[in-house]
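Worksheet: the structure to be examined is printed underneath.
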Amino acid sequence: MPAPRIGSLELAALLAVARLADDAYGLAVRRDLAERTGRDHSVGAVYTTLQRLEDKGLLTSRAGAPLPVRGGRSRRHFTLTGAGARAIREAERHAVSIWAGVGGIVRPEPA
Amino acid sequence: MTPRVRPAKPSLPTVEALLRALGADPAFVEAVLGDLAEECAERAARDGVRAARWWYVREAVRSAPHLVRSWRRHAGRHQRARVAACVALGVVASSVAVLALLAGAAVTVAHPGRGSADAVATVAIEPENLP
């Protein structure tokens, strides 16, 4: 079965979930994305992206325990699925493939 | 002195009620509002309550288009029909209100001091005073 197509924000969110492992919930993913991409994505944008990835079967989620700091609401923790891991590998292969042969052109030659 | 931390509780029920009325997934609403509350509390402790509230409002506004798109993707036929009916009712009510305001303004301009639709009719049928 071919891997579902994913956009750049979806790939960044998948990678953030993979990096954060057990601590991958919305706010942590949002902070990781801000740190690595330099863009401040809204809470809504991050959650709709995570929800889309879940719909595509690349992530699963479960609710944690309710926390006082969240007004008694629970965190939704995300986990990478096998299909999600395959999608990351596929995206990496694709990136390596399209970058092949241009290194010397776009990067300055070492002195 | 430790800054007084007051979570943005007054705004949360309103946003939650709106999202639930739109038929958003309850788990999704819980997660989004929980994240907003958690970061709002952190910002209140760090930057002050006023700054945290501004951040909350700004974040809610920035998130709205994404939440609407998500809702459109996941909403069932009945939920879409309910929201479409509410929007249509709102448009009709606004149009009626605007027309009523315009009509009132026209009467005031045509016949100051006699602010009724009858006044316009009366002005229209009065004979002109020829020289």
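Chain identifiers are assigned as A, B, and so on, following the order in which chains appear in the structure tokens; residues are numbered from 1 within each chain, and ligands are numbered from 1 in order of appearance.
Backbone DSSP over stretch 48-84 of chain A gives strand (DSSP E) for Leu59, Thr60, Ser61, Arg62, Ala63, Gly64, Ala65, Pro66, Leu67, Arg73, Ser74, Arg75, Arg76, His77, Phe78, Thr79 and Leu80 of chain A.
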Original post:
Any idea which chain B residues end up within 10 Å of chain A if we count only C-alpha atoms, as JSON, numbers by chain please?
Top reply: {"B": [7, 8, 9, 12, 27, 28, 29, 30, 31, 32, 33, 34, 35, 36, 37, 38, 39, 40, 41, 42, 58, 59, 60, 61, 62, 63, 64, 65, 66, 67, 68, 69, 70, 71, 73]}
Subject >> Shell of 10 Å around stretch 13-21 of chain A, only C-alpha atoms, local chain residues under 3 positions omitted, as a PyMOL selection string >> reply: chain A and resi 6-10+24-26+28-33+36+46-47+49-50+53+58-59+77-81+84-85+87-88
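Between atom CA of A:Arg39 and atom CA of B:Trp55 the interatomic distance comes to 16.0 Å.
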**OP:** Within chain A, find each residue whose DSSP state, derived from the backbone, is alpha helix (DSSP H), and express the selection as a PyMOL selection string.
**Re:** chain A and resi 8-20+26-37+43-55+82-99+103-106
Original post:
In Å, how far is it from atom CA of B:Ser95 to atom CA of B:Ala17?
Top reply: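 Result for atom CA of B:Ser95 versus atom CA of B:Ala17: 26.4 Å, one decimal.
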Subject >> Point-to-point distance from atom CA of A:Glu54 to atom CA of A:Asp40, Å rounded to tenths >> reply: 21.9 Å
